[in-house]
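Since the structure comes first, as structure tokens, the remarks are kept for the end.
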Amino acid sequence: MNYKSMKSVLLLWIATCCMVMCANSQLQVIAHYNMGKSGNISFVLTPDSLKDLSGNGNHLKRAGSPLFFADAPEYYRLKGDGSILFKKDASYHIEEGRVKHLQRFVLELTIRAEGAQDNQGDEDNIKSVLVYGDKNSGYSIVRKGTDLNLTVDGGTSYYIGSLLKEAWMHVALVSEGNDKVAIYVNGKKLKRVKASQKTLREFVVGSAYEMKAFDGLVYEVRLSELTGKLNIEKDMLYTQKGKTPMPAGLNTDIAGILNSIATNKAVVPVTRLPAYSNKKDWLISKINHPVKIYLERADGSSSGKLLVTNGLISREFFIGDNLVCVSLKNLYNDAEYLRAIKPEARIMIDSIWYNIGGLYGQPEKAYLLNNWHPTLKGGTNDYRFSGIEVKTPEERYPWTQKYNAAKADWPAKGLHIVMHYEAPFRANDTVKKIQVAVHYEMYEGAPVMAKWFTVQNESGGEVVINKMECEVLAINPDQKERISVESDYSFNNVNATPEASGPTLYPVKDNDNPARFGSSTTQWKVDQEYDTWATQNTYEDILLGNIHYSLLLSTLSFGPEAVVKDKTTFQSFTSFELLHDSDDKERQSLAHRKFYRKLAPQVTESLLTAGITSNNADVLNGFIDQMGEFGFERLDVMAWPGISHDNLDPSYLGIWKSVTAHAKNKNIIVGGYELQVASRGRGAAYDCIDPATHKPGSFFGQSVCIASKWQDIYYPKMWKFIDSTGIMSVNVDGPYHGDVCASLSHPYHRNYYDSQWEQWKYQVKTIHEFQRRHMYVPMPDWYFLNGATTTGMGYREASANLTPQQQLLLGRQYIYDGTWYKTPTMGWMTLQLVGFYSGDPAIGLEPLAKNIDRYEAALFQYLASGCQLTIRGNRLYDGPETKAMLQKWISWYKKHRAILTADIIHIARPTGRGLDALLHVDPELDTKGMLIVFNPTDENIKKKLTIPLYYTGLNTVAHISEREGEFKEYALNYKGEIEIEVDVKEGGFTWLVIK
């Protein structure tokens, strides 16, 4: 189904929803306008078009100069609404030909006259309020002085009422049979008059047919078709004033659901939910509180509350007609994140949106009171909560501790809670057989939750998941910067923004499609239901970070348009929510790094790597021999030529089989570079088809579509190559990066709209298989939450050809900047002994013996950072001096590896003007910290440094040794800092061990 068809279906669904709201009276809304949403500042011109809220597309077009005015009926005024002021030639009209003639109708408007008493004596001056018909047919509501009258078919006039100063009036015309129309004022029937017998084709609010506008305000107008009996109490806009329209409730066995939850062994029934607080800092202390689930249910109550907590955060749900999240808290600082209720997820199935859970009736969306919970009602078009099951978390991909990784529980300890939902009462026959489950995982020892959903199709046919929102949170504006939400749907294009660094390499085009700039799955929107917030001074918006964007969605900018076949299950991407307790950048980024250590533990894998550009077995084996002398752990066969993983020629396989066997004898794994997907075409039958040209083409030059037949050609060969040779690492440059494909003939995607989702799924499947085989998986895209181990610390290929001196200072800048949100081992750096793209002798460090000082300085800074270091060259040493130097620092690194690969506290960024420094910290090690200091200047520097030791876990004294010397005791101040003097020679460095 194309998007035009999808839009039509969606509009039809919206119209259907309007019918459902009036189902008891068989009232079908044809056009509905809330003029109070037309602006914000009084006496400012209103929009060119006013949206028809019915979904029927009967939008109003402006003429003249209607103005917004900040007044409305009392209830709506308190919600921040206004009205439109109609004077002189101001009007709005439905475009010609769109008005539907209705035999039976209900026409309603809410108005207030300006200067009502001042118009006495002006009875001959007729002014127009609204016309349904035209000048000589239909109904005209007009003003004569202080009187409001109804004219039928341009003739007989009927008195409606007097316009009182500053008084709002609701007027309704209601068909009674085919020959009578009743006039209602403020919900009360006034009189019956003769109905128009003519065809009604025009609709105008304000000035019409040479009549000026009525000098008054209009808040709301609604035209409906009446196909049954009108229910005055429920259906009139006036009788709904001061109320939030909501469904009558669901016929749901709430008691049975609560009884079932109470019998679950993982759930603790209580008469009152426990009040948790936590004063231990999870960033320096182990928090071993297990994840608990509590159910509160008062005797005789038809509702309940469910609390999930790990002692650090809590998420609370209210269970009534349906289930809804009513609280999300950080227990360290007692911060509440939610201001309003929302559905637990939203899914578009076959072009129709469905809320998963959710309740209606919260009267104010700026805050949520507990006593409102019992008044909330469910919707008949929403998926209904039906129960829970509780499990332990399962690993999201295979992983075992290897390659010097830090010890971690995998999967992470905690609870996996599955909340099941049944189809809506008003679902069609297909949707009635589709079940939805929302999954939550909460983990021990971290303020983190994961969330995703699954859809089980038992309909007997296939359905399409067009769009999805895995999380919908109405966030308190003051907590907006204290929640980090990201997902495992993460790669180059889906994370890109036009303002980011990538588009400087690949400039933005005018016709770029949404698949190129996804801006991540975390999107902040203006909550259209939250209409009482005050607009700020525009400069304050900048200073406050546009806090009115307070609706958080975890969603896709594009797709998935996924086909779900009968008897199969669709699984969404997974969102991860990390709650912060501070605005401090270092603290938030450290929390982010701890999150990755727990939920993507392969990022702590660490391999000392040497790289060489060769396919010659003798050259490779000689290089491996040198590596073995120092205890290197990985050989990376670099571009070009790297390794062709689909080359199954027996002689080629023989080379790599012998090389990997030789390396294995020295405890070295072998892997190699390949430009696999991005920037590499594989032939017209397999390449991505540009949606604009319908010819092969993509953002990164030409890229293969991995949802094409190429999937069946390349990957089986790759796995056979790996099995045959024994290589244990694949350096995939150009994993799937987000290119879309408009092909209609590729077997593993249907069209443009599902091409990104299907390619991502297959790339993820491949990474998971790498991990199942215990391989080391570096790649340039951010696939960490699906098993990748490392990416660039900072990426600019031209940096490989800078001078050695430039590489020193720039290298440290890359490390300083790249470790805010990455652990050291998540970022790779390369020490270039030879130029990458150039043979210029000024590039690189050959001959090594003559450049030993620069070799040593570069080697130390990379080893001391803890990053994933690759030394690239044709040899590692060229004489006894360079060999001894290399041995010294490799031994030093292995001695201190645990603290060197620990997280970094950023002390001073390299500028070339003075000392730069970073501090490794880990409160769980015996060595709590290591301070690394560099002097890039040509003068000795002796200076006192203030070093924050809070994140080492020390709080009174620290014992410090400089350059492996004797330990001295230092007292910490009340901030957890010490002051220490360092003396660093020109161009030199030092390090301090902290215990």
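Chains: A, B, ... in order of the structure tokens. Residues: from 1 per chain. Ligands: from 1, in order shown.
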inquiry  = Could you pull out the helix (DSSP H, G or I) residues of region 644-818 of chain A, going by DSSP on the backbone, and write them as a PyMOL selection string?
reply    = chain A and resi 650-664+710-725+752-772+784-786+797-801+804-818
query = Near Asp687 (chain A), counting only C-alpha atoms, which residues have an atom at most 6 Å away, once you skip same-chain residues fewer than 4 positions from it, shown as a ChimeraX atom specification?
reply = /A:681,683,696,703-705
task = Go through A:Lys135, A:Lys279, A:Arg913, A:Lys127 and flag the residue nearest Asp147 (chain A), using only C-alpha atoms for the distances.
result = A:Lys127
ask   = What's the 8 Å shell around region 977-986 of chain A, counting only C-alpha atoms, without same-chain residues fewer than 4 positions away, as an MDAnalysis selection string?
value = chainID A and resid 933:950 970:973 990
Shell of 8 Å around Pro641 (chain A), only C-alpha atoms, local chain residues under 5 positions omitted, as a PDB file with C-alpha atoms, in the first residue's frame:
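In the end it all went to result.pdb:
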ATOM      1  CA  THR A 613      49.106  -4.483   4.662  1.00  0.00           C
ATOM      2  CA  SER A 614      50.033  -7.768   3.036  1.00  0.00           C
ATOM      3  CA  ASN A 615      48.591 -11.006   1.666  1.00  0.00           C
TER       4      ASN A 615
END
request  = Using DSSP on the backbone, list every residue of region 486-607 of chain A that comes out as strand (DSSP E), and give them as a list in words.
outcome  = Glu486, Ser487, Thr522, Gln523, Trp524, Lys525, Leu551, Leu552, Leu553, Ser554, Thr555, Ala562, Val563, Val564, Thr569, Phe570, Gln571, Ser575, Phe576, Glu577, Leu578 and Leu579 of chain A
message = Report, in Å to a single decimal, how far apart CA of Glu758 (chain A) and CA of Lys433 (chain A) are.
response = 24.7 Å
inquiry  = I'd like the contact shell of Val637 (chain A) - 7 Å cut-off, only C-alpha atoms, skipping same-chain residues fewer than 4 positions apart - returned as a list in words.
reply    =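 The residues satisfying every condition are Gly611, Ile612, Thr613, Ser614, Gly642, Ile643, Gly671, Gly672 and Tyr673 of chain A.
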Using N, CA, C and O atoms, can you write the selected residues to a file as a PDB file, in the first residue's frame?
ATOM      1  N   GLY A 611      48.895  -4.222  12.939  1.00  0.00           N
ATOM      2  CA  GLY A 611      48.306  -4.292  11.613  1.00  0.00           C
ATOM      3  C   GLY A 611      49.358  -4.182  10.523  1.00  0.00           C
ATOM      4  O   GLY A 611      50.362  -3.479  10.673  1.00  0.00           O
ATOM      5  N   ILE A 612      49.104  -4.881   9.442  1.00  0.00           N
ATOM      6  CA  ILE A 612      50.026  -4.875   8.312  1.00  0.00           C
ATOM      7  C   ILE A 612      49.223  -4.979   7.029  1.00  0.00           C
ATOM      8  O   ILE A 612      48.137  -5.569   7.013  1.00  0.00           O
ATOM      9  N   THR A 613      49.749  -4.395   5.968  1.00  0.00           N
ATOM     10  CA  THR A 613      49.106  -4.483   4.662  1.00  0.00           C
ATOM     11  C   THR A 613      49.864  -5.498   3.822  1.00  0.00           C
ATOM     12  O   THR A 613      50.886  -5.177   3.222  1.00  0.00           O
ATOM     13  N   SER A 614      49.369  -6.721   3.819  1.00  0.00           N
ATOM     14  CA  SER A 614      50.033  -7.768   3.036  1.00  0.00           C
ATOM     15  C   SER A 614      49.126  -8.971   2.929  1.00  0.00           C
ATOM     16  O   SER A 614      48.334  -9.247   3.843  1.00  0.00           O
ATOM     17  N   GLY A 642      43.578  -6.129   2.431  1.00  0.00           N
ATOM     18  CA  GLY A 642      42.719  -6.725   3.444  1.00  0.00           C
ATOM     19  C   GLY A 642      42.467  -8.187   3.144  1.00  0.00           C
ATOM     20  O   GLY A 642      43.316  -8.883   2.578  1.00  0.00           O
ATOM     21  N   ILE A 643      41.277  -8.655   3.494  1.00  0.00           N
ATOM     22  CA  ILE A 643      40.896 -10.056   3.248  1.00  0.00           C
ATOM     23  C   ILE A 643      39.568 -10.073   2.501  1.00  0.00           C
ATOM     24  O   ILE A 643      38.625  -9.374   2.883  1.00  0.00           O
ATOM     25  N   GLY A 671      42.422 -11.460  11.963  1.00  0.00           N
ATOM     26  CA  GLY A 671      41.254 -10.900  11.292  1.00  0.00           C
ATOM     27  C   GLY A 671      41.716  -9.933  10.244  1.00  0.00           C
ATOM     28  O   GLY A 671      42.899  -9.602  10.167  1.00  0.00           O
ATOM     29  N   GLY A 672      40.764  -9.480   9.435  1.00  0.00           N
ATOM     30  CA  GLY A 672      41.171  -8.574   8.374  1.00  0.00           C
ATOM     31  C   GLY A 672      40.063  -7.660   7.930  1.00  0.00           C
ATOM     32  O   GLY A 672      38.873  -7.879   8.178  1.00  0.00           O
ATOM     33  N   TYR A 673      40.491  -6.624   7.235  1.00  0.00           N
ATOM     34  CA  TYR A 673      39.607  -5.565   6.761  1.00  0.00           C
ATOM     35  C   TYR A 673      38.888  -6.004   5.493  1.00  0.00           C
ATOM     36  O   TYR A 673      39.455  -6.654   4.623  1.00  0.00           O
TER      37      TYR A 673
END
query = Could you name the residues that touch region 464-471 of chain A at 10 Å or less, counting only C-alpha atoms, but leaving out those on the same chain fewer than 4 positions away, as number ranges by chain?
reply = A: 1, 6, 342-356, 438-439, 451-453, 455, 485, 487, 521-522, 552-565, 570, 572-577, 753-754
key: Distance of CA of Val764 (chain A) from CA of Glu486 (chain A), expressed in Å to one decimal place   =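 Those two atoms sit 16.4 Å apart.
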query = Counting only C-alpha atoms, which of A:Tyr403, A:Arg339, A:Gly734, A:Pro498 gets nearest to Asn667 (chain A)?
reply = A:Tyr403
Against region 769-781 of chain A, which residues of region 517-602 of chain A fall within 12 Å? For each one I want the closest pair of atoms and the distance in Å (one decimal), counting only C-alpha atoms, rows by chain and increasing residue number, as CSV.
residue,atom,partner,partner_atom,distance
A:Ala600,CA,A:Gln771,CA,11.8
A:Pro601,CA,A:Gln771,CA,11.8
A:Gln602,CA,A:Tyr776,CA,8.8
Output as a tab-separated table one row per residue of region 199-236 of chain A within 10 Å of region 61-77 of chain A: the closest atom pair and its distance in Å to one decimal place, counting only C-alpha atoms, sorted by chain and residue number ascending.
residue	atom	partner	partner_atom	distance
A:Val204	CA	A:Lys61	CA	9.4
A:Val205	CA	A:Arg62	CA	9.6
A:Gly206	CA	A:Pro66	CA	8.6
A:Ser207	CA	A:Gly64	CA	8.6
A:Ala213	CA	A:Pro66	CA	9.5
A:Leu217	CA	A:Phe69	CA	7.8
A:Val218	CA	A:Ala72	CA	8.5
A:Tyr219	CA	A:Ala72	CA	6.3
A:Glu220	CA	A:Ala72	CA	9.4
Create the file for the chosen residues now, containing N, CA and C atoms and written as a compact mmCIF listing (two decimals), in the first residue's frame.
# COMPACT_ATOMS: atom_id res chain seq x y z
N VAL A 204 -19.83 29.17 5.89
CA VAL A 204 -18.98 30.33 6.15
C VAL A 204 -19.14 30.74 7.61
N VAL A 205 -18.01 31.05 8.25
CA VAL A 205 -18.03 31.62 9.60
C VAL A 205 -17.52 33.05 9.48
N GLY A 206 -18.29 34.02 10.02
CA GLY A 206 -17.89 35.41 9.94
C GLY A 206 -18.53 36.10 8.75
N SER A 207 -17.84 37.08 8.19
CA SER A 207 -18.36 37.89 7.09
C SER A 207 -18.82 37.02 5.92
N ALA A 213 -18.69 40.86 9.44
CA ALA A 213 -18.65 39.92 10.57
C ALA A 213 -19.25 40.56 11.81
N LEU A 217 -16.46 36.81 19.18
CA LEU A 217 -15.51 35.70 19.28
C LEU A 217 -16.22 34.38 18.97
N VAL A 218 -15.52 33.51 18.29
CA VAL A 218 -16.01 32.16 18.06
C VAL A 218 -14.97 31.20 18.64
N TYR A 219 -15.42 30.33 19.53
CA TYR A 219 -14.50 29.34 20.11
C TYR A 219 -14.53 28.01 19.36
N GLU A 220 -15.74 27.52 19.03
CA GLU A 220 -15.84 26.18 18.47
C GLU A 220 -17.05 26.10 17.55
task = Quick one: everything within 8 Å of Tyr337 (chain A), counting only C-alpha atoms, minus sequence neighbours fewer than 6 positions away in the same chain. Send it as JSON, numbers by chain.
result = {"A": [327, 328, 329, 475, 476, 479]}
Convert the current residue selection to file output with all heavy atoms, as a PDB file, in the first residue's frame.
ATOM      1  N   SER A 327       3.919   6.618  37.088  1.00  0.00           N
ATOM      2  CA  SER A 327       5.084   7.173  37.775  1.00  0.00           C
ATOM      3  C   SER A 327       6.354   6.529  37.252  1.00  0.00           C
ATOM      4  O   SER A 327       6.406   5.322  36.998  1.00  0.00           O
ATOM      5  CB  SER A 327       4.986   6.942  39.291  1.00  0.00           C
ATOM      6  OG  SER A 327       6.167   7.377  39.947  1.00  0.00           O
ATOM      7  N   LEU A 328       7.375   7.352  37.077  1.00  0.00           N
ATOM      8  CA  LEU A 328       8.722   6.900  36.754  1.00  0.00           C
ATOM      9  C   LEU A 328       9.660   7.740  37.600  1.00  0.00           C
ATOM     10  O   LEU A 328       9.733   8.964  37.422  1.00  0.00           O
ATOM     11  CB  LEU A 328       9.015   7.077  35.263  1.00  0.00           C
ATOM     12  CG  LEU A 328      10.393   6.634  34.767  1.00  0.00           C
ATOM     13  CD1 LEU A 328      10.594   5.138  34.960  1.00  0.00           C
ATOM     14  CD2 LEU A 328      10.580   7.009  33.299  1.00  0.00           C
ATOM     15  N   LYS A 329      10.360   7.107  38.541  1.00  0.00           N
ATOM     16  CA  LYS A 329      11.112   7.873  39.536  1.00  0.00           C
ATOM     17  C   LYS A 329      12.560   7.416  39.614  1.00  0.00           C
ATOM     18  O   LYS A 329      12.874   6.237  39.461  1.00  0.00           O
ATOM     19  CB  LYS A 329      10.478   7.740  40.927  1.00  0.00           C
ATOM     20  CG  LYS A 329       9.124   8.385  41.069  1.00  0.00           C
ATOM     21  CD  LYS A 329       8.626   8.353  42.516  1.00  0.00           C
ATOM     22  CE  LYS A 329       9.400   9.311  43.401  1.00  0.00           C
ATOM     23  NZ  LYS A 329       8.814   9.402  44.747  1.00  0.00           N
ATOM     24  N   ILE A 475       7.037  13.821  29.799  1.00  0.00           N
ATOM     25  CA  ILE A 475       8.088  14.068  30.777  1.00  0.00           C
ATOM     26  C   ILE A 475       7.930  15.446  31.415  1.00  0.00           C
ATOM     27  O   ILE A 475       7.626  16.436  30.724  1.00  0.00           O
ATOM     28  CB  ILE A 475       9.470  13.963  30.093  1.00  0.00           C
ATOM     29  CG1 ILE A 475       9.695  12.545  29.556  1.00  0.00           C
ATOM     30  CG2 ILE A 475      10.595  14.352  31.043  1.00  0.00           C
ATOM     31  CD1 ILE A 475       9.829  11.480  30.609  1.00  0.00           C
ATOM     32  N   ASN A 476       8.177  15.521  32.716  1.00  0.00           N
ATOM     33  CA  ASN A 476       8.269  16.816  33.369  1.00  0.00           C
ATOM     34  C   ASN A 476       9.428  17.594  32.764  1.00  0.00           C
ATOM     35  O   ASN A 476      10.541  17.062  32.647  1.00  0.00           O
ATOM     36  CB  ASN A 476       8.501  16.647  34.877  1.00  0.00           C
ATOM     37  CG  ASN A 476       7.226  16.370  35.618  1.00  0.00           C
ATOM     38  OD1 ASN A 476       6.206  17.029  35.398  1.00  0.00           O
ATOM     39  ND2 ASN A 476       7.245  15.390  36.514  1.00  0.00           N
ATOM     40  N   GLN A 479      13.017  17.428  34.030  1.00  0.00           N
ATOM     41  CA  GLN A 479      13.750  16.156  33.972  1.00  0.00           C
ATOM     42  C   GLN A 479      14.133  15.783  32.538  1.00  0.00           C
ATOM     43  O   GLN A 479      14.695  14.715  32.309  1.00  0.00           O
ATOM     44  CB  GLN A 479      12.905  15.033  34.581  1.00  0.00           C
ATOM     45  CG  GLN A 479      12.564  15.239  36.043  1.00  0.00           C
ATOM     46  CD  GLN A 479      13.787  15.409  36.925  1.00  0.00           C
ATOM     47  OE1 GLN A 479      14.764  14.684  36.794  1.00  0.00           O
ATOM     48  NE2 GLN A 479      13.729  16.378  37.837  1.00  0.00           N
TER      49      GLN A 479
END
inquiry  = When you count only C-alpha atoms, which of these residues is closest to Val131 (chain A): A:Leu107, A:Ile960, A:Val270, A:Ile899?
reply    = A:Leu107
